[in-house]
Amino acid sequence: MSTPQAPIARQMGALAAALRRNAWTLGLFGILGVLLVFTKIIQPTYGVTGIQGLAISVLPLTLAAVAQACAVIARGIDLSVGSMMALTSVVAASGMDGRSEGAAIVVVIGVLLLGCVLGAINGSLIVLTRVPDIVVTLAMLFVWAGCALLVLKTPGGGAADWLRDLTKGSVLSDWTPKAAVLLLAVVGVIWIPIRRSRLGLSLYAIGSDPLAAYRSGVSVTRTKIFAYMLAGLFSALGGLSLTASTGIGAPVPGPYLLLSVAAVVLGGVSLAGGRGGILGPMVAVVILSLIRTDMTFLNVDTNLATVTQGLILVGVVMIGSLIQLRRGT
Amino acid sequence: MRDAGGATTPRPRLLSAAGLLALLRERTIIPLLVMLALLVGLSEVIRPGIVSANWTGVIIRASIPLAILAGCQTITMLTGGIDLSVGAVASMSGFFVATLVGDQGLFVAILVALLLAAVVGLITGIGVGALGVHPLIMTLGMGLVVLGFANVWQVRNVQTGAGVPSQFRTLGADLTFNVVPVSLLVFVPVAILIIVGLNRTGFGRLLYAIGDNPVASRLSGARSWQVLITLYVISAVLAAIAGFLLSGLTNVASVTLADTAVLPSVAAAVIGGTSILGGRGGYGGTIVGALILTVISSILSSLGYPEAVRQILFGSIIVFVAAAYTRITSTS
C-alpha cells in the first residue's frame, strides 16, 4: 500500500519545492491577476484596447528590465541601460530614415550587433580596470548618452513600416496583442537556450559566488563580459522598440534606468546576484504600469502615482529584507 | 610585465618609484591638484587671457553646489553606500523655499525645507541602517517619492507662483569684488565640518570602520544602524543646503533643478579618490574633483563643443581616473 504512495509523495514534495522556488514570481502573477480584476471593476470598459495599449506601453521598459536582470544576476549592475537604449534607438531611426523596407532589416540586425558591442565594451572595461561595476556603467551612461546626442541632436529619423507594424494590433485573438507575443518570443528565444546552457549556469555561478565559480573552472571574466553583452543586446531591443512605437529616435535617455532597477528588485532578483529569473522583472513592469493606469482611472494625481511607485519599491524591499533578517536570526 | 621591467632597473630607481607610488597611495590629493593645475593651464592655452581672478571666482562659484552634493556621496560612499536621492532632495528644498517664502518668510521657509529634508534622510537611514535595504535601492525609491510629492506640491501652488528669494540669489550667485563667491560663506563652514567630522571625531572614524569592515565594526561594538541613520539625515540636510545655493545660482525654482547634478556628484567623489566600496577616501579630494569637473566643463563650452562631447569626455575621465586609482591602491 505504501509503495505507490511514495512516488506521489515525492512528486508532491518536488512540486512544493518548485512552488517555493518560484514563490515570488507566482506571487507577482497573483498580484497581477488581482490588479486586472480591480481594473475591470473600477473601469468596466477596460478590455481589448486597454490590454493592447498596456502591452505596447510596457514594451521598452520590460526589455530594459530584462537587460538589467542579466547584469544583476551576474552580480553586476548596468546603469547605462537607458543610455544604450537611447543610442541604439537613434542609430536605428537615423539608419532607417528614407531607406527602403528591405534595407531596414540590415539596420535592425546592425543595431542588435551594436547593442552587443556596447555591452561588451561595458563588460570588458569592468573586467580590465577592476573598477566596481556601478562606477564603470555610471561613466558609460555619460559616454553612450553623449554618443546618442552626436548621432541625432534632436528627436528625428524614421522607422520602417514593417517595424512599426510589428507592435501594433494583435495576433490569433484580440486578447493576445502582437507586442506581448513578440516580447515573449524574442526574450524566450534569446534567454531560454542561454539559461539551459553551461553559460547560463556560469552566469548564476559568478553571481552567487565568484570565487567558488572560479575554483570550479568558470571563467569569471568571460562570463561577466557575456552578461553585459546580453544586457547590451536587450537594451538594443528596447531601443528598437522605442523607435518602433514612436517612429523616431530620441537622443535623451528615458526614465528606464531607475525603473529597470526597481522592476528587477520587485521581480525577485537579488541585488547580491545569483538569484532570480527574468520572468519576475517582466511581470513587475506590467504591475507597475497597471498601477499607474489604475490611478489615472481613479482620477488620482499622476504625480502621486510616482510616489506610489517609489513607496512600492521601498516597501517591497524593506519587507523582503525583514523576512531575511527574521530567517537569519 | 611591470615586474620584469622592474627587475632589470637599478635599485635606487626602483625604490624611488616604489616610494612615489606609496606617496601617491597616501596622498591621492597630490596628483589631483596636479591634474587641476594642468587643466587650468590648458584653459589658458586654449583661450589666452581667460584665466583671471574673475574666472577663478566663477569656476569656484559653479563648483560649490556640486561639491556639497559630492560631499553627500563622499560620506555615504565611505560606509559602502551611495545617496542617489540628493538630486530630488536638493530640488525639493530649493523649490519649497521659493514657494513658501512669500507667505511664511525666509526663516520659516528654510526651516521647513531643512526639516523635510531631514525627515527624508531619516526614512532613508531607517531603511538602510535598521532594515538593511541596499542604499542604491533605498535612495532611488526615496528620490521617486520626494519627486512625486514635490510635483504634487507644485500643482497645488501653481496659482500662487514662486520666486527664488533675493537672499538666495545673493548667496548663490554674487561675487564680492567680482572675485570671491558669496557662497563660500556657506561652503567653508560645511567643508570644515565634513573634514573635521571625518578626520577628528568618533563618528567619522565609525563611518570609515563600517565601510572598511562592517562585521568587524559590529563585533567591536559600533551600533552601525544608529550611525547610518545619522549619516543619511546629514546627507539629506547637506543636499538641501546645496539646493538652496543651486536655486540661487541659477535663479530657478524647479522640482528637477538638481537632477542633472546627481551623477556628476558621484563622479566628483570617485575622481576625488573615495572608493565606492567604502572605507577609503576623504572630502578634500572630492572638492578638487568637483573643481576638476567644473574646469573641464568650462573648457569644453569655451571650445564650443556640444553637450555630447562633454558627456563622452566626462564618462571617459571617470573610467580612466577610477582605473588609475584601482591600480595605485591595489598593487602593494
# chains A, B, ... in the order shown; residues from 1 in each chain; ligands from 1
>>> select_by_dssp(residues="region 98-195 of chain A", states="alpha helix (DSSP H)", output="PyMOL selection string")
chain A and resi 101-129+133-151+161-167+178-195
>>> write_last_selection(atoms="C-alpha atoms", output="mmCIF file, in the first residue's frame")
data_model
loop_
_atom_site.group_PDB
_atom_site.id
_atom_site.type_symbol
_atom_site.label_atom_id
_atom_site.label_comp_id
_atom_site.auth_asym_id
_atom_site.auth_seq_id
_atom_site.Cartn_x
_atom_site.Cartn_y
_atom_site.Cartn_z
ATOM 1 C CA GLU A 101 11.900 48.496 -46.209
ATOM 2 C CA GLY A 102 14.490 45.868 -47.087
ATOM 3 C CA ALA A 103 17.442 47.977 -46.005
ATOM 4 C CA ALA A 104 15.726 48.373 -42.639
ATOM 5 C CA ILE A 105 16.319 44.683 -41.947
ATOM 6 C CA VAL A 106 20.044 45.262 -42.269
ATOM 7 C CA VAL A 107 19.751 48.278 -39.968
ATOM 8 C CA VAL A 108 17.878 46.257 -37.341
ATOM 9 C CA ILE A 109 20.488 43.499 -37.400
ATOM 10 C CA GLY A 110 23.229 46.099 -37.260
ATOM 11 C CA VAL A 111 21.608 47.781 -34.251
ATOM 12 C CA LEU A 112 21.351 44.468 -32.397
ATOM 13 C CA LEU A 113 25.039 43.848 -33.081
ATOM 14 C CA LEU A 114 25.773 47.387 -31.916
ATOM 15 C CA GLY A 115 23.968 46.596 -28.663
ATOM 16 C CA CYS A 116 26.159 43.536 -28.165
ATOM 17 C CA VAL A 117 29.273 45.624 -28.835
ATOM 18 C CA LEU A 118 28.219 48.376 -26.411
ATOM 19 C CA GLY A 119 27.546 45.807 -23.720
ATOM 20 C CA ALA A 120 30.808 44.001 -24.425
ATOM 21 C CA ILE A 121 32.683 47.302 -24.060
ATOM 22 C CA ASN A 122 30.977 47.889 -20.686
ATOM 23 C CA GLY A 123 31.861 44.398 -19.523
ATOM 24 C CA SER A 124 35.434 44.489 -20.805
ATOM 25 C CA LEU A 125 36.091 47.815 -19.093
ATOM 26 C CA ILE A 126 34.788 46.430 -15.802
ATOM 27 C CA VAL A 127 36.958 43.343 -16.098
ATOM 28 C CA LEU A 128 40.071 45.148 -17.348
ATOM 29 C CA THR A 129 40.069 48.132 -15.000
ATOM 30 C CA ASP A 133 30.551 47.817 -11.999
ATOM 31 C CA ILE A 134 28.472 50.691 -10.727
ATOM 32 C CA VAL A 135 31.226 53.249 -11.381
ATOM 33 C CA VAL A 136 32.090 51.982 -14.852
ATOM 34 C CA THR A 137 28.493 51.797 -16.022
ATOM 35 C CA LEU A 138 27.806 55.190 -14.463
ATOM 36 C CA ALA A 139 30.628 56.606 -16.569
ATOM 37 C CA MET A 140 29.451 54.744 -19.652
ATOM 38 C CA LEU A 141 25.994 56.191 -19.067
ATOM 39 C CA PHE A 142 27.530 59.576 -19.905
ATOM 40 C CA VAL A 143 29.514 58.196 -22.825
ATOM 41 C CA TRP A 144 26.617 56.423 -24.546
ATOM 42 C CA ALA A 145 24.249 59.338 -23.919
ATOM 43 C CA GLY A 146 26.845 61.660 -25.473
ATOM 44 C CA CYS A 147 27.202 59.371 -28.486
ATOM 45 C CA ALA A 148 23.417 59.388 -28.884
ATOM 46 C CA LEU A 149 23.476 63.189 -28.983
ATOM 47 C CA LEU A 150 26.231 63.057 -31.594
ATOM 48 C CA VAL A 151 24.114 60.815 -33.820
ATOM 49 C CA ASP A 161 6.645 50.407 -41.777
ATOM 50 C CA TRP A 162 7.095 46.709 -41.053
ATOM 51 C CA LEU A 163 8.905 47.536 -37.824
ATOM 52 C CA ARG A 164 6.119 49.871 -36.783
ATOM 53 C CA ASP A 165 3.506 47.218 -37.639
ATOM 54 C CA LEU A 166 5.300 44.636 -35.513
ATOM 55 C CA THR A 167 3.958 46.093 -32.294
ATOM 56 C CA LYS A 178 1.240 41.449 -31.052
ATOM 57 C CA ALA A 179 3.560 43.429 -28.793
ATOM 58 C CA ALA A 180 3.206 40.931 -25.937
ATOM 59 C CA VAL A 181 3.629 37.894 -28.189
ATOM 60 C CA LEU A 182 6.661 39.468 -29.835
ATOM 61 C CA LEU A 183 8.159 40.301 -26.460
ATOM 62 C CA LEU A 184 7.739 36.789 -25.101
ATOM 63 C CA ALA A 185 9.031 35.259 -28.335
ATOM 64 C CA VAL A 186 12.143 37.445 -28.552
ATOM 65 C CA VAL A 187 13.036 37.168 -24.882
ATOM 66 C CA GLY A 188 12.306 33.438 -24.891
ATOM 67 C CA VAL A 189 14.388 32.765 -27.991
ATOM 68 C CA ILE A 190 17.364 34.554 -26.505
ATOM 69 C CA TRP A 191 17.064 33.680 -22.834
ATOM 70 C CA ILE A 192 15.816 30.069 -22.652
ATOM 71 C CA PRO A 193 18.704 28.487 -24.616
ATOM 72 C CA ILE A 194 21.185 30.521 -22.577
ATOM 73 C CA ARG A 195 19.534 29.621 -19.285
#
>>> residues_around(residues="region 76-78 of chain A", least_positions_apart="6", cutoff="12 Å", atoms="only C-alpha atoms", output="MDAnalysis selection string")
(chainID A and resid 64:70 84 118:120 122:123 126:127 131:141 203:204 206:208 210 223:232 234:235 256:258 260:261 264:265 269:274) or (chainID B and resid 136:137)
>>> residues_around(residues="Thr56 (chain B)", least_positions_apart="6", cutoff="12 Å", atoms="only C-alpha atoms", output="JSON, numbers by chain")
{"B": [40, 43, 44, 50, 62, 63, 175, 178, 179, 180, 181, 291, 294, 295, 298]}
>>> residues_around(residues="Ser89 (chain A)", least_positions_apart="2", cutoff="12 Å", atoms="only C-alpha atoms", output="JSON, numbers by chain")
{"A": [60, 82, 83, 84, 85, 86, 87, 91, 92, 93, 94, 95, 96, 107, 108, 110, 111, 112, 114, 115, 144, 145, 147, 148, 149, 151, 152, 155, 156, 157, 158, 159, 235, 236, 237, 238, 239, 240, 241, 242, 243, 244, 245, 246, 247, 248, 249, 250, 251, 252, 253, 254]}
>>> closest_atom_pairs(of="chain B", to="chain A", cutoff="8 Å", atoms="only C-alpha atoms", output="JSON lines")
{"residue": "B:Gly127", "atom": "CA", "partner": "A:Met318", "partner_atom": "CA", "distance": 6.8}
{"residue": "B:Leu131", "atom": "CA", "partner": "A:Met318", "partner_atom": "CA", "distance": 6.3}
{"residue": "B:Gly132", "atom": "CA", "partner": "A:Ser321", "partner_atom": "CA", "distance": 6.3}
{"residue": "B:Val133", "atom": "CA", "partner": "A:Met318", "partner_atom": "CA", "distance": 6.0}
{"residue": "B:Ile137", "atom": "CA", "partner": "A:Val314", "partner_atom": "CA", "distance": 7.2}
{"residue": "B:Met138", "atom": "CA", "partner": "A:Val314", "partner_atom": "CA", "distance": 5.9}
{"residue": "B:Leu140", "atom": "CA", "partner": "A:Leu258", "partner_atom": "CA", "distance": 6.9}
{"residue": "B:Gly141", "atom": "CA", "partner": "A:Gly310", "partner_atom": "CA", "distance": 4.4}
{"residue": "B:Met142", "atom": "CA", "partner": "A:Gly310", "partner_atom": "CA", "distance": 6.3}
{"residue": "B:Gly143", "atom": "CA", "partner": "A:Gly310", "partner_atom": "CA", "distance": 7.6}
{"residue": "B:Leu144", "atom": "CA", "partner": "A:Gly310", "partner_atom": "CA", "distance": 5.0}
{"residue": "B:Val145", "atom": "CA", "partner": "A:Val307", "partner_atom": "CA", "distance": 4.2}
{"residue": "B:Val146", "atom": "CA", "partner": "A:Val307", "partner_atom": "CA", "distance": 7.2}
{"residue": "B:Leu147", "atom": "CA", "partner": "A:Val307", "partner_atom": "CA", "distance": 7.5}
{"residue": "B:Gly148", "atom": "CA", "partner": "A:Val307", "partner_atom": "CA", "distance": 4.8}
{"residue": "B:Phe149", "atom": "CA", "partner": "A:Val307", "partner_atom": "CA", "distance": 6.6}
{"residue": "B:Asn151", "atom": "CA", "partner": "A:Asn303", "partner_atom": "CA", "distance": 5.9}
{"residue": "B:Val152", "atom": "CA", "partner": "A:Asn303", "partner_atom": "CA", "distance": 5.9}
{"residue": "B:Leu263", "atom": "CA", "partner": "A:Leu138", "partner_atom": "CA", "distance": 7.4}
{"residue": "B:Ala267", "atom": "CA", "partner": "A:Ala139", "partner_atom": "CA", "distance": 7.8}
{"residue": "B:Val270", "atom": "CA", "partner": "A:Val135", "partner_atom": "CA", "distance": 7.9}
{"residue": "B:Ile276", "atom": "CA", "partner": "A:Pro132", "partner_atom": "CA", "distance": 7.5}
{"residue": "B:Leu277", "atom": "CA", "partner": "A:Pro132", "partner_atom": "CA", "distance": 7.8}
{"residue": "B:Glu307", "atom": "CA", "partner": "A:Gly146", "partner_atom": "CA", "distance": 7.3}
{"residue": "B:Ala308", "atom": "CA", "partner": "A:Gly146", "partner_atom": "CA", "distance": 4.0}
{"residue": "B:Val309", "atom": "CA", "partner": "A:Gly146", "partner_atom": "CA", "distance": 6.1}
{"residue": "B:Arg310", "atom": "CA", "partner": "A:Gly146", "partner_atom": "CA", "distance": 7.4}
{"residue": "B:Gln311", "atom": "CA", "partner": "A:Phe142", "partner_atom": "CA", "distance": 5.0}
{"residue": "B:Ile312", "atom": "CA", "partner": "A:Val143", "partner_atom": "CA", "distance": 3.9}
{"residue": "B:Leu313", "atom": "CA", "partner": "A:Val143", "partner_atom": "CA", "distance": 7.2}
{"residue": "B:Phe314", "atom": "CA", "partner": "A:Phe142", "partner_atom": "CA", "distance": 6.8}
{"residue": "B:Gly315", "atom": "CA", "partner": "A:Ala139", "partner_atom": "CA", "distance": 4.0}
{"residue": "B:Ser316", "atom": "CA", "partner": "A:Ala139", "partner_atom": "CA", "distance": 6.7}
{"residue": "B:Ile318", "atom": "CA", "partner": "A:Ala139", "partner_atom": "CA", "distance": 5.8}
{"residue": "B:Val319", "atom": "CA", "partner": "A:Val136", "partner_atom": "CA", "distance": 5.8}
{"residue": "B:Ala322", "atom": "CA", "partner": "A:Val131", "partner_atom": "CA", "distance": 6.4}
{"residue": "B:Ala323", "atom": "CA", "partner": "A:Thr129", "partner_atom": "CA", "distance": 5.0}
{"residue": "B:Thr326", "atom": "CA", "partner": "A:Val131", "partner_atom": "CA", "distance": 6.5}
>>> atom_distance(atom1="CA of Phe29 (chain A)", atom2="CA of Gly268 (chain A)")
12.3 Å
>>> select_by_dssp(residues="region 119-183 of chain B", states="strand (DSSP E)", output="list in words")
Leu175, Thr176, Val180 and Pro181 of chain B
>>> atom_distance(atom1="CA of Ala118 (chain B)", atom2="CA of Val86 (chain B)")
11.8 Å
>>> atom_distance(atom1="CA of Ile234 (chain B)", atom2="CA of Ile195 (chain B)")
13.6 Å
>>> residues_around(residues="Leu238 (chain B)", least_positions_apart="2", cutoff="8 Å", atoms="only C-alpha atoms", output="ChimeraX atom specification")
/B:68-69,71-72,234-236,240-242
>>> write_last_selection(atoms="N, CA and C atoms", output="PDB file, in the first residue's frame")
ATOM      1  N   ILE B  68      29.154  70.288  -2.638  1.00  0.00           N
ATOM      2  CA  ILE B  68      28.351  69.909  -1.463  1.00  0.00           C
ATOM      3  C   ILE B  68      27.611  68.604  -1.743  1.00  0.00           C
ATOM      4  N   LEU B  69      27.005  68.503  -2.948  1.00  0.00           N
ATOM      5  CA  LEU B  69      26.317  67.255  -3.301  1.00  0.00           C
ATOM      6  C   LEU B  69      27.312  66.099  -3.323  1.00  0.00           C
ATOM      7  N   GLY B  71      29.808  65.930  -1.484  1.00  0.00           N
ATOM      8  CA  GLY B  71      30.051  65.629  -0.078  1.00  0.00           C
ATOM      9  C   GLY B  71      29.075  64.582   0.442  1.00  0.00           C
ATOM     10  N   CYS B  72      27.805  64.699   0.027  1.00  0.00           N
ATOM     11  CA  CYS B  72      26.811  63.675   0.396  1.00  0.00           C
ATOM     12  C   CYS B  72      27.285  62.310  -0.094  1.00  0.00           C
ATOM     13  N   ILE B 234      22.233  63.584   7.808  1.00  0.00           N
ATOM     14  CA  ILE B 234      23.226  64.617   7.476  1.00  0.00           C
ATOM     15  C   ILE B 234      23.301  64.809   5.963  1.00  0.00           C
ATOM     16  N   SER B 235      23.341  63.688   5.246  1.00  0.00           N
ATOM     17  CA  SER B 235      23.449  63.757   3.792  1.00  0.00           C
ATOM     18  C   SER B 235      22.274  64.524   3.191  1.00  0.00           C
ATOM     19  N   ALA B 236      21.060  64.247   3.686  1.00  0.00           N
ATOM     20  CA  ALA B 236      19.879  64.921   3.141  1.00  0.00           C
ATOM     21  C   ALA B 236      19.910  66.412   3.459  1.00  0.00           C
ATOM     22  N   ALA B 240      19.975  69.559   0.890  1.00  0.00           N
ATOM     23  CA  ALA B 240      19.052  70.695   0.936  1.00  0.00           C
ATOM     24  C   ALA B 240      19.821  72.010   0.835  1.00  0.00           C
ATOM     25  N   ILE B 241      20.945  72.098   1.559  1.00  0.00           N
ATOM     26  CA  ILE B 241      21.751  73.323   1.513  1.00  0.00           C
ATOM     27  C   ILE B 241      22.265  73.560   0.087  1.00  0.00           C
ATOM     28  N   ALA B 242      22.726  72.476  -0.547  1.00  0.00           N
ATOM     29  CA  ALA B 242      23.173  72.590  -1.936  1.00  0.00           C
ATOM     30  C   ALA B 242      22.033  73.069  -2.820  1.00  0.00           C
TER      31      ALA B 242
END
>>> residues_around(residues="Ile123 (chain B)", least_positions_apart="2", cutoff="9 Å", atoms="only C-alpha atoms", output="list of chain:residue names")
B:Ala118, B:Val119, B:Val120, B:Gly121, B:Gly125, B:Ile126, B:Gly127, B:Val128, B:Met142, B:Ile229, B:Tyr232, B:Val233
>>> decode(residues="region 162-268 of chain A", atoms="C-alpha atoms", output="mmCIF file, in the first residue's frame")
data_model
loop_
_atom_site.group_PDB
_atom_site.id
_atom_site.type_symbol
_atom_site.label_atom_id
_atom_site.label_comp_id
_atom_site.auth_asym_id
_atom_site.auth_seq_id
_atom_site.Cartn_x
_atom_site.Cartn_y
_atom_site.Cartn_z
ATOM 1 C CA TRP A 162 7.095 46.709 -41.053
ATOM 2 C CA LEU A 163 8.905 47.536 -37.824
ATOM 3 C CA ARG A 164 6.119 49.871 -36.783
ATOM 4 C CA ASP A 165 3.506 47.218 -37.639
ATOM 5 C CA LEU A 166 5.300 44.636 -35.513
ATOM 6 C CA THR A 167 3.958 46.093 -32.294
ATOM 7 C CA LYS A 168 0.545 47.213 -33.494
ATOM 8 C CA GLY A 169 -2.637 45.174 -33.341
ATOM 9 C CA SER A 170 -2.947 41.573 -32.277
ATOM 10 C CA VAL A 171 -2.443 38.025 -33.481
ATOM 11 C CA LEU A 172 -4.727 34.966 -33.226
ATOM 12 C CA SER A 173 -7.247 36.587 -30.892
ATOM 13 C CA ASP A 174 -7.931 40.132 -29.780
ATOM 14 C CA TRP A 175 -6.674 39.268 -26.322
ATOM 15 C CA THR A 176 -3.131 38.460 -27.423
ATOM 16 C CA PRO A 177 -1.563 41.750 -28.525
ATOM 17 C CA LYS A 178 1.240 41.449 -31.052
ATOM 18 C CA ALA A 179 3.560 43.429 -28.793
ATOM 19 C CA ALA A 180 3.206 40.931 -25.937
ATOM 20 C CA VAL A 181 3.629 37.894 -28.189
ATOM 21 C CA LEU A 182 6.661 39.468 -29.835
ATOM 22 C CA LEU A 183 8.159 40.301 -26.460
ATOM 23 C CA LEU A 184 7.739 36.789 -25.101
ATOM 24 C CA ALA A 185 9.031 35.259 -28.335
ATOM 25 C CA VAL A 186 12.143 37.445 -28.552
ATOM 26 C CA VAL A 187 13.036 37.168 -24.882
ATOM 27 C CA GLY A 188 12.306 33.438 -24.891
ATOM 28 C CA VAL A 189 14.388 32.765 -27.991
ATOM 29 C CA ILE A 190 17.364 34.554 -26.505
ATOM 30 C CA TRP A 191 17.064 33.680 -22.834
ATOM 31 C CA ILE A 192 15.816 30.069 -22.652
ATOM 32 C CA PRO A 193 18.704 28.487 -24.616
ATOM 33 C CA ILE A 194 21.185 30.521 -22.577
ATOM 34 C CA ARG A 195 19.534 29.621 -19.285
ATOM 35 C CA ARG A 196 19.689 25.936 -20.151
ATOM 36 C CA SER A 197 23.274 26.026 -21.308
ATOM 37 C CA ARG A 198 26.546 25.944 -19.416
ATOM 38 C CA LEU A 199 26.839 29.669 -19.989
ATOM 39 C CA GLY A 200 23.590 30.332 -18.155
ATOM 40 C CA LEU A 201 24.759 28.263 -15.238
ATOM 41 C CA SER A 202 28.015 30.233 -15.218
ATOM 42 C CA LEU A 203 26.032 33.499 -15.075
ATOM 43 C CA TYR A 204 24.304 32.364 -11.899
ATOM 44 C CA ALA A 205 27.521 30.854 -10.573
ATOM 45 C CA ILE A 206 29.580 34.057 -10.778
ATOM 46 C CA GLY A 207 26.573 35.893 -9.376
ATOM 47 C CA SER A 208 26.224 33.798 -6.254
ATOM 48 C CA ASP A 209 29.923 33.254 -5.520
ATOM 49 C CA PRO A 210 32.623 34.422 -7.940
ATOM 50 C CA LEU A 211 35.414 32.675 -6.046
ATOM 51 C CA ALA A 212 33.640 29.328 -5.941
ATOM 52 C CA ALA A 213 32.777 29.732 -9.618
ATOM 53 C CA TYR A 214 36.409 30.460 -10.434
ATOM 54 C CA ARG A 215 37.617 27.438 -8.476
ATOM 55 C CA SER A 216 35.173 25.166 -10.262
ATOM 56 C CA GLY A 217 36.559 26.237 -13.602
ATOM 57 C CA VAL A 218 34.231 29.014 -14.696
ATOM 58 C CA SER A 219 35.945 31.890 -16.476
ATOM 59 C CA VAL A 220 34.646 34.748 -14.353
ATOM 60 C CA THR A 221 35.899 37.478 -16.675
ATOM 61 C CA ARG A 222 34.477 35.949 -19.838
ATOM 62 C CA THR A 223 31.136 35.254 -18.185
ATOM 63 C CA LYS A 224 30.934 38.791 -16.837
ATOM 64 C CA ILE A 225 31.593 40.272 -20.270
ATOM 65 C CA PHE A 226 28.929 37.943 -21.650
ATOM 66 C CA ALA A 227 26.425 39.111 -19.007
ATOM 67 C CA TYR A 228 26.958 42.740 -20.007
ATOM 68 C CA MET A 229 26.788 41.802 -23.675
ATOM 69 C CA LEU A 230 23.371 40.289 -23.030
ATOM 70 C CA ALA A 231 22.355 43.464 -21.202
ATOM 71 C CA GLY A 232 23.506 45.434 -24.249
ATOM 72 C CA LEU A 233 21.569 43.192 -26.608
ATOM 73 C CA PHE A 234 18.339 43.555 -24.635
ATOM 74 C CA SER A 235 18.922 47.312 -24.369
ATOM 75 C CA ALA A 236 19.252 47.421 -28.163
ATOM 76 C CA LEU A 237 15.955 45.549 -28.430
ATOM 77 C CA GLY A 238 14.490 48.117 -26.043
ATOM 78 C CA GLY A 239 15.861 50.913 -28.213
ATOM 79 C CA LEU A 240 14.354 49.302 -31.310
ATOM 80 C CA SER A 241 11.009 49.016 -29.533
ATOM 81 C CA LEU A 242 11.185 52.744 -28.763
ATOM 82 C CA THR A 243 11.840 53.536 -32.411
ATOM 83 C CA ALA A 244 9.113 51.114 -33.484
ATOM 84 C CA SER A 245 6.465 52.585 -31.209
ATOM 85 C CA THR A 246 7.264 56.268 -31.793
ATOM 86 C CA GLY A 247 8.527 56.090 -35.378
ATOM 87 C CA ILE A 248 11.506 58.291 -34.452
ATOM 88 C CA GLY A 249 14.589 58.189 -32.277
ATOM 89 C CA ALA A 250 15.070 60.440 -29.256
ATOM 90 C CA PRO A 251 18.655 61.070 -28.084
ATOM 91 C CA VAL A 252 17.705 61.768 -24.460
ATOM 92 C CA PRO A 253 17.554 58.657 -22.254
ATOM 93 C CA GLY A 254 14.132 57.959 -20.813
ATOM 94 C CA PRO A 255 13.441 57.076 -17.174
ATOM 95 C CA TYR A 256 14.391 53.485 -17.864
ATOM 96 C CA LEU A 257 17.420 53.258 -15.598
ATOM 97 C CA LEU A 258 15.642 53.821 -12.292
ATOM 98 C CA LEU A 259 12.556 51.895 -13.278
ATOM 99 C CA SER A 260 14.566 48.950 -14.590
ATOM 100 C CA VAL A 261 16.404 48.628 -11.278
ATOM 101 C CA ALA A 262 13.087 48.935 -9.467
ATOM 102 C CA ALA A 263 11.496 46.254 -11.642
ATOM 103 C CA VAL A 264 14.432 43.898 -11.185
ATOM 104 C CA VAL A 265 14.249 44.176 -7.410
ATOM 105 C CA LEU A 266 10.467 43.862 -7.364
ATOM 106 C CA GLY A 267 10.814 40.922 -9.722
ATOM 107 C CA GLY A 268 12.706 38.951 -7.122
#
